[in-house]
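Source file: entry05.cif. Holds: mmCIF, C-alpha atoms.
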data_run
loop_
_atom_site.label_atom_id
_atom_site.label_comp_id
_atom_site.auth_asym_id
_atom_site.auth_seq_id
_atom_site.Cartn_x
_atom_site.Cartn_y
_atom_site.Cartn_z
CA MET N 620 -65.31 -113.43 126.88
CA LYS N 621 -64.77 -115.16 123.56
CA ARG N 622 -67.11 -117.95 122.68
CA LYS N 623 -65.35 -121.26 122.10
CA VAL N 624 -65.85 -123.63 119.17
CA ALA N 625 -64.53 -127.17 118.61
CA PHE N 626 -64.41 -129.17 115.38
CA LYS N 627 -64.26 -132.85 114.49
CA THR N 628 -63.73 -134.04 110.92
CA LEU N 629 -64.35 -137.56 109.64
CA GLY N 630 -63.68 -138.95 106.19
CA CYS N 631 -62.16 -137.45 103.08
CA ARG N 632 -59.86 -134.54 102.32
CA LEU N 633 -62.79 -132.60 100.95
CA ASN N 634 -64.33 -132.69 104.42
CA GLN N 635 -60.97 -131.58 105.84
CA PHE N 636 -60.89 -128.61 103.46
CA GLU N 637 -64.43 -127.60 104.36
CA THR N 638 -63.71 -127.83 108.08
CA ASP N 639 -60.60 -125.68 107.67
CA ALA N 640 -62.74 -123.06 105.92
CA LEU N 641 -65.25 -123.14 108.79
CA VAL N 642 -62.41 -122.83 111.32
CA THR N 643 -61.30 -119.67 109.49
CA ASP N 644 -64.84 -118.24 109.51
CA PHE N 645 -65.22 -118.72 113.27
CA PHE N 646 -61.68 -117.47 113.99
CA ARG N 647 -62.23 -114.28 111.99
CA SER N 648 -65.48 -113.72 113.89
CA GLY N 649 -63.67 -113.76 117.23
CA TYR N 650 -64.25 -117.33 118.38
CA GLU N 651 -61.56 -119.27 120.22
CA ILE N 652 -60.78 -122.59 118.54
CA VAL N 653 -60.41 -125.34 121.15
CA ASN N 654 -59.75 -129.06 121.18
CA PHE N 655 -62.76 -131.27 120.53
CA THR N 656 -62.41 -132.83 123.99
CA ALA N 657 -62.52 -129.42 125.72
CA GLN N 658 -65.53 -127.48 126.95
CA ALA N 659 -66.96 -125.35 124.14
CA ASP N 660 -69.99 -123.26 123.28
CA VAL N 661 -70.27 -124.86 119.84
CA TYR N 662 -69.30 -128.32 118.57
CA VAL N 663 -69.23 -128.87 114.81
CA ILE N 664 -68.98 -132.47 113.60
CA ASN N 665 -68.29 -132.86 109.86
CA THR N 666 -69.36 -136.46 109.33
CA CYS N 667 -68.67 -139.31 106.93
CA THR N 668 -71.06 -142.14 106.16
CA VAL N 669 -69.56 -143.65 103.01
CA THR N 670 -68.53 -146.80 104.92
CA ASN N 671 -69.82 -148.50 108.07
CA LEU N 672 -66.58 -147.53 109.82
CA GLY N 673 -67.04 -143.86 108.90
CA ASN N 674 -70.63 -144.09 110.06
CA HIS N 675 -69.58 -145.56 113.41
CA LYS N 676 -66.85 -142.97 113.98
CA SER N 677 -69.26 -140.16 113.15
CA LYS N 678 -71.83 -141.42 115.67
CA THR N 679 -69.12 -141.75 118.32
CA ALA N 680 -68.00 -138.15 117.72
CA ILE N 681 -71.59 -136.89 117.91
CA ASN N 682 -72.18 -138.71 121.19
CA GLN N 683 -68.93 -137.30 122.59
CA ALA N 684 -69.97 -133.75 121.66
CA VAL N 685 -73.43 -134.21 123.20
CA ARG N 686 -71.85 -135.40 126.47
CA ASN N 687 -69.45 -132.44 126.56
CA ALA N 688 -71.87 -129.77 125.40
CA GLU N 689 -73.58 -128.94 128.75
CA GLY N 690 -75.86 -126.38 127.16
CA GLY N 691 -73.64 -125.67 124.15
CA LEU N 692 -74.70 -126.14 120.54
CA VAL N 693 -74.04 -129.39 118.69
CA VAL N 694 -74.03 -128.94 114.90
CA VAL N 695 -73.84 -132.01 112.67
CA THR N 696 -72.99 -131.61 109.00
CA GLY N 697 -71.42 -133.66 106.21
CA CYS N 698 -72.65 -136.80 104.50
CA MET N 699 -74.42 -138.29 107.52
CA ALA N 700 -76.53 -135.12 107.67
CA GLU N 701 -77.67 -135.98 104.14
CA ASN N 702 -78.09 -139.73 104.51
CA GLN N 703 -79.51 -139.91 108.04
CA GLU N 704 -81.13 -136.49 108.50
CA SER N 705 -84.37 -137.82 110.02
CA TRP N 706 -82.58 -139.97 112.59
CA LEU N 707 -80.29 -137.11 113.60
CA ASN N 708 -83.19 -134.67 114.01
CA GLU N 709 -85.23 -137.20 115.96
CA ARG N 710 -82.45 -137.65 118.54
CA GLY N 711 -83.42 -134.38 120.19
CA ASP N 712 -79.91 -133.56 121.43
CA ILE N 713 -78.54 -131.97 118.22
CA ALA N 714 -79.20 -128.27 117.71
CA TYR N 715 -78.75 -128.18 113.93
CA VAL N 716 -78.39 -130.77 111.18
CA VAL N 717 -76.83 -129.02 108.16
CA ASP N 718 -76.62 -130.62 104.72
CA ASN N 719 -73.59 -130.28 102.42
CA ARG N 720 -75.22 -127.56 100.33
CA HIS N 721 -75.52 -125.27 103.36
CA LYS N 722 -72.35 -126.33 105.18
CA SER N 723 -70.46 -123.15 104.32
CA ARG N 724 -73.15 -121.09 106.15
CA ILE N 725 -72.77 -122.73 109.56
CA LEU N 726 -71.26 -119.60 111.15
CA SER N 727 -74.31 -117.56 110.02
CA LEU N 728 -76.59 -120.21 111.54
CA VAL N 729 -74.73 -120.21 114.86
CA GLU N 730 -74.57 -116.40 115.04
CA ALA N 731 -78.30 -116.18 114.35
CA HIS N 732 -78.91 -118.66 117.17
CA PHE N 733 -76.89 -116.65 119.68
CA ASN N 734 -78.73 -113.50 118.56
CA GLY N 735 -82.04 -115.13 119.42
CA GLU N 736 -83.15 -115.60 115.83
CA ILE N 737 -84.94 -118.71 114.63
CA VAL N 738 -83.29 -119.82 111.41
CA ALA N 739 -83.43 -123.22 109.70
CA PRO N 740 -80.40 -124.33 107.65
CA GLU N 741 -82.47 -124.53 104.47
CA GLN N 742 -83.34 -120.82 104.81
CA LEU N 743 -79.69 -119.89 104.27
CA GLU N 744 -78.08 -119.37 100.89
CA SER N 745 -76.64 -122.59 99.50
CA ASP N 746 -73.39 -122.84 97.55
CA VAL N 747 -70.99 -125.78 97.63
CA PHE N 748 -68.10 -123.51 96.58
CA SER N 749 -68.59 -120.54 98.93
CA PHE N 750 -66.07 -121.67 101.53
CA SER N 751 -63.47 -119.23 102.83
CA VAL N 752 -59.78 -119.63 102.09
CA ALA N 753 -58.32 -121.37 105.14
CA GLU N 754 -56.37 -118.59 106.85
CA LYS N 755 -56.71 -120.36 110.21
CA SER N 756 -56.15 -124.02 109.38
CA LEU N 757 -55.88 -127.25 111.34
CA HIS N 758 -53.25 -128.36 108.77
CA THR N 759 -49.94 -127.03 107.38
CA ARG N 760 -50.90 -127.39 103.73
CA SER N 761 -53.82 -125.58 102.14
CA MET N 762 -56.55 -127.45 100.31
CA ILE N 763 -58.43 -125.88 97.41
CA LYS N 764 -61.82 -127.27 96.45
CA ILE N 765 -62.19 -127.41 92.67
CA GLN N 766 -65.14 -129.76 92.22
CA ASP N 767 -68.02 -131.42 94.06
CA GLY N 768 -70.43 -134.29 93.43
CA CYS N 769 -70.16 -137.36 91.23
CA ASP N 770 -71.99 -138.77 88.20
CA ASN N 771 -70.39 -142.24 88.19
CA PHE N 772 -72.99 -144.03 90.35
CA CYS N 773 -70.80 -146.97 91.31
CA THR N 774 -73.00 -149.80 92.54
CA PHE N 775 -71.56 -149.75 96.08
CA CYS N 776 -71.42 -145.97 96.62
CA ILE N 777 -73.81 -143.42 98.14
CA VAL N 778 -71.68 -140.37 97.30
CA PRO N 779 -73.97 -139.16 94.45
CA MET N 780 -76.86 -139.33 96.93
CA VAL N 781 -75.12 -137.31 99.66
CA ARG N 782 -72.96 -134.97 97.53
CA GLY N 783 -75.17 -134.60 94.47
CA ARG N 784 -74.28 -134.50 90.78
CA ALA N 785 -70.86 -133.38 89.56
CA VAL N 786 -70.26 -129.63 89.46
CA SER N 787 -67.00 -127.77 88.74
CA ARG N 788 -65.82 -124.51 90.24
CA PRO N 789 -64.97 -121.71 87.78
CA VAL N 790 -61.29 -121.56 86.80
CA SER N 791 -61.09 -117.86 87.71
CA LYS N 792 -62.26 -118.51 91.28
CA ILE N 793 -59.74 -121.33 91.74
CA ILE N 794 -56.85 -119.20 90.47
CA GLU N 795 -57.99 -116.34 92.73
CA ASN N 796 -57.99 -118.69 95.74
CA ILE N 797 -54.53 -120.01 94.95
CA HIS N 798 -53.11 -116.49 94.73
CA GLU N 799 -54.70 -115.80 98.11
CA VAL N 800 -53.25 -118.84 99.89
CA ILE N 801 -49.80 -118.09 98.42
CA ARG N 802 -50.15 -114.57 99.83
CA LEU N 803 -51.01 -116.10 103.20
CA GLY N 804 -47.72 -118.01 103.06
CA TYR N 805 -48.79 -121.57 102.27
CA LYS N 806 -46.06 -123.61 100.58
CA GLU N 807 -48.14 -126.63 99.58
CA ILE N 808 -51.56 -126.61 97.94
CA VAL N 809 -53.73 -129.72 97.58
CA LEU N 810 -56.41 -129.81 94.87
CA THR N 811 -59.44 -131.63 96.16
CA GLY N 812 -63.02 -132.58 95.29
CA VAL N 813 -65.24 -135.64 95.02
CA ASN N 814 -64.25 -136.63 91.48
CA ILE N 815 -61.66 -134.11 90.30
CA SER N 816 -60.74 -136.11 87.19
CA ARG N 817 -64.12 -135.02 85.77
CA TYR N 818 -63.37 -131.32 86.25
CA ASP N 819 -64.83 -129.27 83.38
CA ASP N 820 -65.39 -125.53 83.35
CA GLU N 821 -66.30 -124.05 79.97
CA GLY N 822 -64.06 -126.48 78.10
CA VAL N 823 -61.17 -126.43 80.59
CA ASP N 824 -60.60 -129.98 81.83
CA PHE N 825 -58.51 -131.10 84.79
CA THR N 826 -55.29 -131.18 82.76
CA GLY N 827 -55.94 -127.67 81.47
CA LEU N 828 -56.71 -126.37 84.96
CA LEU N 829 -53.56 -127.96 86.36
CA GLY N 830 -51.46 -126.34 83.63
CA LYS N 831 -52.86 -122.90 84.49
CA ILE N 832 -52.13 -123.41 88.19
CA LEU N 833 -48.54 -124.52 87.55
CA ASN N 834 -47.94 -121.31 85.58
CA ILE N 835 -48.59 -119.20 88.68
CA SER N 836 -45.35 -117.76 90.05
CA GLY N 837 -44.29 -118.27 93.67
CA ASP N 838 -42.51 -120.60 96.07
CA PHE N 839 -45.09 -123.36 96.41
CA ARG N 840 -45.86 -126.85 95.20
CA ILE N 841 -49.05 -128.60 94.10
CA ARG N 842 -50.32 -131.95 95.26
CA ILE N 843 -53.30 -133.80 93.78
CA SER N 844 -55.66 -135.50 96.22
CA SER N 845 -57.56 -138.73 95.56
CA ILE N 846 -58.38 -139.07 91.87
CA GLU N 847 -60.09 -141.50 89.51
CA PRO N 848 -58.05 -143.31 86.80
CA GLU N 849 -59.78 -141.84 83.78
CA GLY N 850 -59.33 -139.22 81.09
CA TYR N 851 -55.54 -138.75 81.02
CA GLY N 852 -53.34 -138.32 77.99
CA ALA N 853 -49.81 -137.25 77.15
CA ALA N 854 -50.50 -133.62 78.14
CA PHE N 855 -51.34 -134.70 81.69
CA PHE N 856 -48.24 -136.86 82.03
CA GLU N 857 -46.01 -134.04 80.74
CA LEU N 858 -47.16 -131.75 83.54
CA PHE N 859 -45.17 -133.84 86.01
CA ASN N 860 -41.99 -132.48 84.43
CA ASN N 861 -42.79 -129.27 86.31
CA PRO N 862 -41.00 -129.35 89.71
CA LYS N 863 -43.99 -127.64 91.33
CA LEU N 864 -46.16 -130.73 90.76
CA CYS N 865 -45.53 -133.41 93.39
CA PRO N 866 -44.80 -136.90 91.97
CA ASN N 867 -47.50 -138.82 93.77
CA LEU N 868 -51.11 -139.80 93.11
CA HIS N 869 -53.73 -141.51 95.21
CA LEU N 870 -55.19 -143.32 92.19
CA CYS N 871 -58.35 -145.20 93.17
CA LEU N 872 -58.39 -148.83 92.03
CA GLN N 873 -60.92 -150.71 94.23
CA SER N 874 -60.25 -154.13 92.64
CA GLY N 875 -57.66 -155.81 90.44
CA SER N 876 -60.34 -157.94 88.75
CA ASP N 877 -61.94 -156.60 85.58
CA ARG N 878 -65.02 -158.69 86.31
CA ILE N 879 -65.46 -157.07 89.73
CA LEU N 880 -64.71 -153.60 88.32
CA ALA N 881 -67.57 -154.13 85.86
CA GLU N 882 -69.88 -155.30 88.67
CA MET N 883 -68.91 -152.16 90.62
CA HIS N 884 -69.75 -150.08 87.55
CA ARG N 885 -66.27 -148.57 87.53
CA THR N 886 -65.44 -146.73 84.30
CA TYR N 887 -62.06 -148.30 83.51
CA LYS N 888 -60.34 -151.65 83.12
CA LEU N 889 -57.15 -152.80 84.73
CA ALA N 890 -55.10 -152.35 81.54
CA SER N 891 -55.95 -148.64 81.29
CA TYR N 892 -55.23 -148.19 84.98
CA MET N 893 -51.80 -149.81 84.70
CA LYS N 894 -51.00 -147.70 81.63
CA ILE N 895 -51.20 -144.60 83.84
CA VAL N 896 -48.84 -146.21 86.34
CA GLU N 897 -46.40 -147.25 83.63
CA GLU N 898 -46.43 -143.88 81.84
CA LEU N 899 -45.62 -141.93 84.99
CA ARG N 900 -43.01 -144.43 86.20
CA LYS N 901 -41.24 -144.07 82.83
CA ARG N 902 -40.81 -140.38 83.55
CA ILE N 903 -40.25 -140.63 87.32
CA PRO N 904 -39.14 -144.12 88.43
CA LEU N 905 -39.90 -143.41 92.11
CA PHE N 906 -43.33 -141.93 91.38
CA ASN N 907 -45.45 -142.68 94.44
CA PHE N 908 -48.77 -144.41 93.85
CA THR N 909 -51.22 -145.09 96.67
CA THR N 910 -54.72 -146.47 96.23
CA ASP N 911 -58.03 -147.72 97.66
CA ILE N 912 -58.84 -151.43 97.67
CA MET N 913 -62.24 -152.83 98.58
CA VAL N 914 -62.33 -156.47 99.62
CA GLY N 915 -65.39 -158.69 99.80
CA PHE N 916 -67.55 -157.02 97.15
CA PRO N 917 -70.59 -159.26 96.46
CA GLY N 918 -69.55 -162.18 94.29
CA GLU N 919 -65.78 -161.62 94.71
CA THR N 920 -64.20 -165.07 94.25
CA GLU N 921 -60.80 -166.27 95.42
CA ALA N 922 -59.60 -165.87 91.83
CA ASP N 923 -60.81 -162.25 91.77
CA PHE N 924 -59.04 -161.58 95.05
CA ARG N 925 -55.80 -163.17 93.81
CA GLU N 926 -55.88 -160.79 90.83
CA THR N 927 -56.14 -157.86 93.24
CA CYS N 928 -53.17 -159.13 95.26
CA HIS N 929 -51.15 -159.52 92.07
CA VAL N 930 -51.86 -155.93 91.04
CA ILE N 931 -50.87 -154.60 94.47
CA LYS N 932 -47.45 -156.21 94.02
CA GLN N 933 -47.17 -155.26 90.34
CA ALA N 934 -48.04 -151.58 90.86
CA GLY N 935 -45.91 -151.32 93.99
CA PHE N 936 -48.39 -149.16 95.86
CA SER N 937 -46.62 -147.56 98.82
CA HIS N 938 -49.88 -147.39 100.75
CA VAL N 939 -53.23 -149.14 100.32
CA HIS N 940 -56.33 -147.81 102.01
CA THR N 941 -58.03 -151.15 102.59
CA PHE N 942 -61.66 -151.42 103.52
CA LYS N 943 -64.21 -154.20 103.64
CA TYR N 944 -67.35 -153.88 101.53
CA SER N 945 -70.25 -152.69 103.65
CA VAL N 946 -73.88 -152.48 102.58
CA ARG N 947 -75.10 -148.93 101.92
CA LYS N 948 -78.87 -148.63 101.80
CA GLY N 949 -80.27 -147.65 98.42
CA THR N 950 -77.30 -148.83 96.34
CA ARG N 951 -77.52 -151.49 93.64
CA ALA N 952 -74.90 -153.61 95.37
CA GLU N 953 -77.24 -154.00 98.33
CA LEU N 954 -79.49 -156.17 96.15
CA MET N 955 -76.72 -158.23 94.54
CA PRO N 956 -76.45 -161.96 95.30
CA ASN N 957 -73.51 -163.78 96.89
CA HIS N 958 -72.59 -161.37 99.66
CA ILE N 959 -69.28 -162.39 101.20
CA PRO N 960 -69.23 -163.62 104.84
CA GLU N 961 -67.59 -161.25 107.32
CA PRO N 962 -64.78 -163.68 108.31
CA VAL N 963 -63.74 -163.99 104.65
CA LYS N 964 -63.72 -160.21 104.25
CA GLN N 965 -61.67 -159.91 107.41
CA GLU N 966 -59.12 -162.46 106.18
CA ARG N 967 -58.78 -160.78 102.78
CA SER N 968 -58.40 -157.38 104.40
CA LEU N 969 -55.55 -158.70 106.55
CA ILE N 970 -53.77 -160.18 103.50
CA VAL N 971 -54.00 -156.86 101.62
CA ARG N 972 -52.68 -154.95 104.63
CA GLU N 973 -49.70 -157.29 104.90
CA LEU N 974 -48.92 -156.91 101.19
CA ALA N 975 -49.23 -153.13 101.49
CA ALA N 976 -46.85 -153.06 104.46
CA GLU N 977 -44.24 -155.02 102.46
CA ASN N 978 -44.63 -152.58 99.57
CA LYS N 979 -44.30 -149.58 101.86
CA ARG N 980 -41.11 -150.88 103.46
CA ALA N 981 -39.51 -151.64 100.09
CA TYR N 982 -40.58 -148.33 98.55
CA ARG N 983 -39.25 -146.22 101.38
CA LYS N 984 -35.95 -148.07 101.51
CA SER N 985 -35.44 -147.06 97.88
CA PHE N 986 -34.97 -143.45 99.03
CA ILE N 987 -31.78 -144.18 100.99
CA GLY N 988 -29.01 -142.05 99.53
CA ARG N 989 -31.48 -139.83 97.69
CA GLN N 990 -32.70 -136.32 98.42
CA GLN N 991 -36.16 -135.13 99.38
CA THR N 992 -37.46 -131.57 99.57
CA VAL N 993 -39.29 -131.59 102.87
CA LEU N 994 -42.02 -129.17 103.90
CA VAL N 995 -41.45 -128.92 107.65
CA GLU N 996 -44.69 -129.34 109.60
CA LYS N 997 -43.36 -129.37 113.15
CA VAL N 998 -40.22 -129.44 115.29
CA ASN N 999 -40.43 -131.56 118.45
CA GLN N 1000 -38.91 -130.87 121.86
CA ASN N 1001 -35.76 -132.77 120.86
CA GLY N 1002 -35.17 -130.44 117.93
CA MET N 1003 -36.18 -132.98 115.30
CA ALA N 1004 -38.09 -131.59 112.32
CA ARG N 1005 -40.79 -133.63 110.60
CA GLY N 1006 -42.63 -133.20 107.35
CA TYR N 1007 -43.27 -134.76 103.96
CA GLY N 1008 -41.02 -134.88 100.92
CA GLU N 1009 -42.30 -134.20 97.43
CA HIS N 1010 -43.11 -137.91 96.97
CA TYR N 1011 -45.38 -137.73 100.04
CA VAL N 1012 -43.16 -139.80 102.30
CA PRO N 1013 -42.59 -138.76 105.94
CA VAL N 1014 -39.09 -137.49 106.78
CA GLU N 1015 -37.41 -136.64 110.09
CA PHE N 1016 -34.13 -134.74 110.47
CA LYS N 1017 -32.31 -132.41 112.86
CA ALA N 1018 -33.85 -128.95 112.56
CA THR N 1019 -31.66 -125.96 111.75
CA GLN N 1020 -34.34 -123.38 112.60
CA PRO N 1021 -37.49 -123.22 114.71
CA GLY N 1022 -41.05 -123.15 113.45
CA ASN N 1023 -42.61 -124.77 110.42
CA ASN N 1024 -43.86 -124.15 106.87
CA TYR N 1025 -40.49 -123.98 105.14
CA PHE N 1026 -38.68 -126.24 102.69
CA GLU N 1027 -35.49 -128.13 103.52
CA THR N 1028 -33.50 -130.40 101.18
CA VAL N 1029 -32.60 -133.57 103.06
CA THR N 1030 -30.47 -136.60 102.12
CA ILE N 1031 -32.07 -139.83 103.36
CA ASN N 1032 -29.73 -142.17 105.23
CA SER N 1033 -32.07 -144.67 106.93
CA VAL N 1034 -35.61 -145.94 107.34
CA ALA N 1035 -36.98 -146.44 110.84
CA PRO N 1036 -40.11 -148.43 111.73
CA GLU N 1037 -42.46 -146.36 113.88
CA SER N 1038 -46.01 -147.20 114.96
CA HIS N 1039 -46.56 -149.54 112.01
CA ASP N 1040 -45.13 -146.93 109.66
CA PHE N 1041 -41.67 -146.42 108.14
CA ILE N 1042 -40.33 -142.91 108.51
CA LEU N 1043 -37.30 -141.74 106.55
CA ARG N 1044 -34.42 -140.33 108.55
CA GLY N 1045 -32.10 -137.85 106.93
CA ARG N 1046 -29.62 -135.02 107.20
CA GLN N 1047 -29.10 -131.76 105.38
#

Encoded form (structure tokens):
Amino acid sequence: MKRKVAFKTLGCRLNQFETDALVTDFFRSGYEIVNFTAQADVYVINTCTVTNLGNHKSKTAINQAVRNAEGGLVVVTGCMAENQESWLNERGDIAYVVDNRHKSRILSLVEAHFNGEIVAPEQLESDVFSFSVAEKSLHTRSMIKIQDGCDNFCTFCIVPMVRGRAVSRPVSKIIENIHEVIRLGYKEIVLTGVNISRYDDEGVDFTGLLGKILNISGDFRIRISSIEPEGYGAAFFELFNNPKLCPNLHLCLQSGSDRILAEMHRTYKLASYMKIVEELRKRIPLFNFTTDIMVGFPGETEADFRETCHVIKQAGFSHVHTFKYSVRKGTRAELMPNHIPEPVKQERSLIVRELAAENKRAYRKSFIGRQQTVLVEKVNQNGMARGYGEHYVPVEFKATQPGNNYFETVTINSVAPESHDFILRGRQ
């Protein structure tokens, strides 16, 4: 009988990509992929510990796997495996704790275990770019990892500690991977990494890499995952004239106050951030910007917070990933004075969420009467197809064929509230 393996992913898209690659490895080796709540021989939890919430969710997933395992293997990897390795090993109920450098070798570790071999994760070859192309994916779109690590050392962030210094994947390997996923039939490719704006391989920067990718022939489109607001010029903006490049960016902001940005050790000011927004909106008026906002950073005053609220309205973000500042051990922000009380952080978080919801409603209503090219992800039992348009807005319409992973051009005729979201409804 086939051995069964279950996966749980917390955190960023980079973790999602790496899990998809692991899913492919196990699938190709004859394992049956099962739901995380089902009985399995192996449970792999790809953790996040960048925020307290990510930390809590990771611990919950680990505990769930341990309860379900009943003699099966529990493998914990990801950023918690870096940041809390000793605690995880001391628990005594986790078979293997695998750091990010050895994550791609988890199948080898598990196979060695079942063959009766004693292998420690650090004995395996380490390579942050040696993940398989996701042939068997938990998602419709394919993610391609182009970069890992970060050199920014923001005062609140532990990413450089758990992901290491910035490294870029060779251009030739990225192009090879993209040809492979196109051959496998993927229609949408997402470029991902820890800090992809700093991509640099032998003089090819992120703009240069993106240009090379867009020159590849085929019926596909490119989406850029979370990115920092730095290092862009006219050549980057011009690339969005190519219909293969989706007109949306998750452009990290964190705060609308220059004073707080400086305290965070961010590498930009608000004016340079807004220039990116303005330049792209000149070219594509409905360009979709989403962002991250941190509330309650040490020393954040009411005036600082008001500046952030003003920017949220001014930029018209269609979605804001809002999170409260949480202390991460070993960061400079941990030692800063004037930490903000939890009730104040909670209140500010609620205000940002309300502003973001207003923005989202207004932005999505602006699509009524316009067309979207939708990549169909699923068709429900009522025959309604769902997917995302090129601007990364969700669209639902009556399906004309079964299955998924195909493009349909849809005219939007309404916006419907659904589970605190606003989905576009359309027709062909």

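Counting from atom CA of N:Asn702, the distance to atom CA of N:Asn719 is 10.7 Å.
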
Inset, instruction - Find the residues near N:Gly850: any atom within 12 Å, counting only C-alpha atoms, skip ones fewer than 5 places away on the same chain, and give them as a list of chain:residue names. - result: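 Final neighbour list, sorted by chain and number: N:Asn814, N:Ile815, N:Ser816, N:Arg817, N:Tyr818, N:Asp819, N:Asp824, N:Phe825, N:Thr826, N:Phe855, N:Phe856, N:Thr886, N:Tyr887, N:Ser891, N:Tyr892, N:Lys894, N:Ile895.
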
Find the residues around N:Met762 up to 9 Å (all atoms listed in the file counted), leave out those fewer than 2 positions away in its own chain, and share them as a PDB file with C-alpha atoms, keeping the file's coordinate frame.
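Contents of part.pdb, freshly written:
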ATOM      1  CA  ARG N 632     -59.860-134.540 102.320  1.00  0.00           C
ATOM      2  CA  LEU N 633     -62.790-132.600 100.950  1.00  0.00           C
ATOM      3  CA  GLN N 635     -60.970-131.580 105.840  1.00  0.00           C
ATOM      4  CA  PHE N 636     -60.890-128.610 103.460  1.00  0.00           C
ATOM      5  CA  GLU N 637     -64.430-127.600 104.360  1.00  0.00           C
ATOM      6  CA  ASP N 639     -60.600-125.680 107.670  1.00  0.00           C
ATOM      7  CA  VAL N 752     -59.780-119.630 102.090  1.00  0.00           C
ATOM      8  CA  ALA N 753     -58.320-121.370 105.140  1.00  0.00           C
ATOM      9  CA  ARG N 760     -50.900-127.390 103.730  1.00  0.00           C
ATOM     10  CA  LYS N 764     -61.820-127.270  96.450  1.00  0.00           C
ATOM     11  CA  GLU N 807     -48.140-126.630  99.580  1.00  0.00           C
ATOM     12  CA  ILE N 808     -51.560-126.610  97.940  1.00  0.00           C
ATOM     13  CA  VAL N 809     -53.730-129.720  97.580  1.00  0.00           C
ATOM     14  CA  LEU N 810     -56.410-129.810  94.870  1.00  0.00           C
ATOM     15  CA  THR N 811     -59.440-131.630  96.160  1.00  0.00           C
TER      16      THR N 811
END

Legend entry - Picked residues, the PyMOL selection byres ((chain N and resi 729) around 12), as a VMD selection string: chain N and resid 622 to 624 641 644 to 645 648 650 660 to 663 691 to 694 714 to 717 722 to 728 730 to 740 743

Inset, instruction - Given the file shown, determine the residues that the PyMOL selection byres ((chain N and resi 831) around 12) selects; report them as a ChimeraX atom specification. - result: /N:790-791,793-795,797,823-830,832-836,841,858
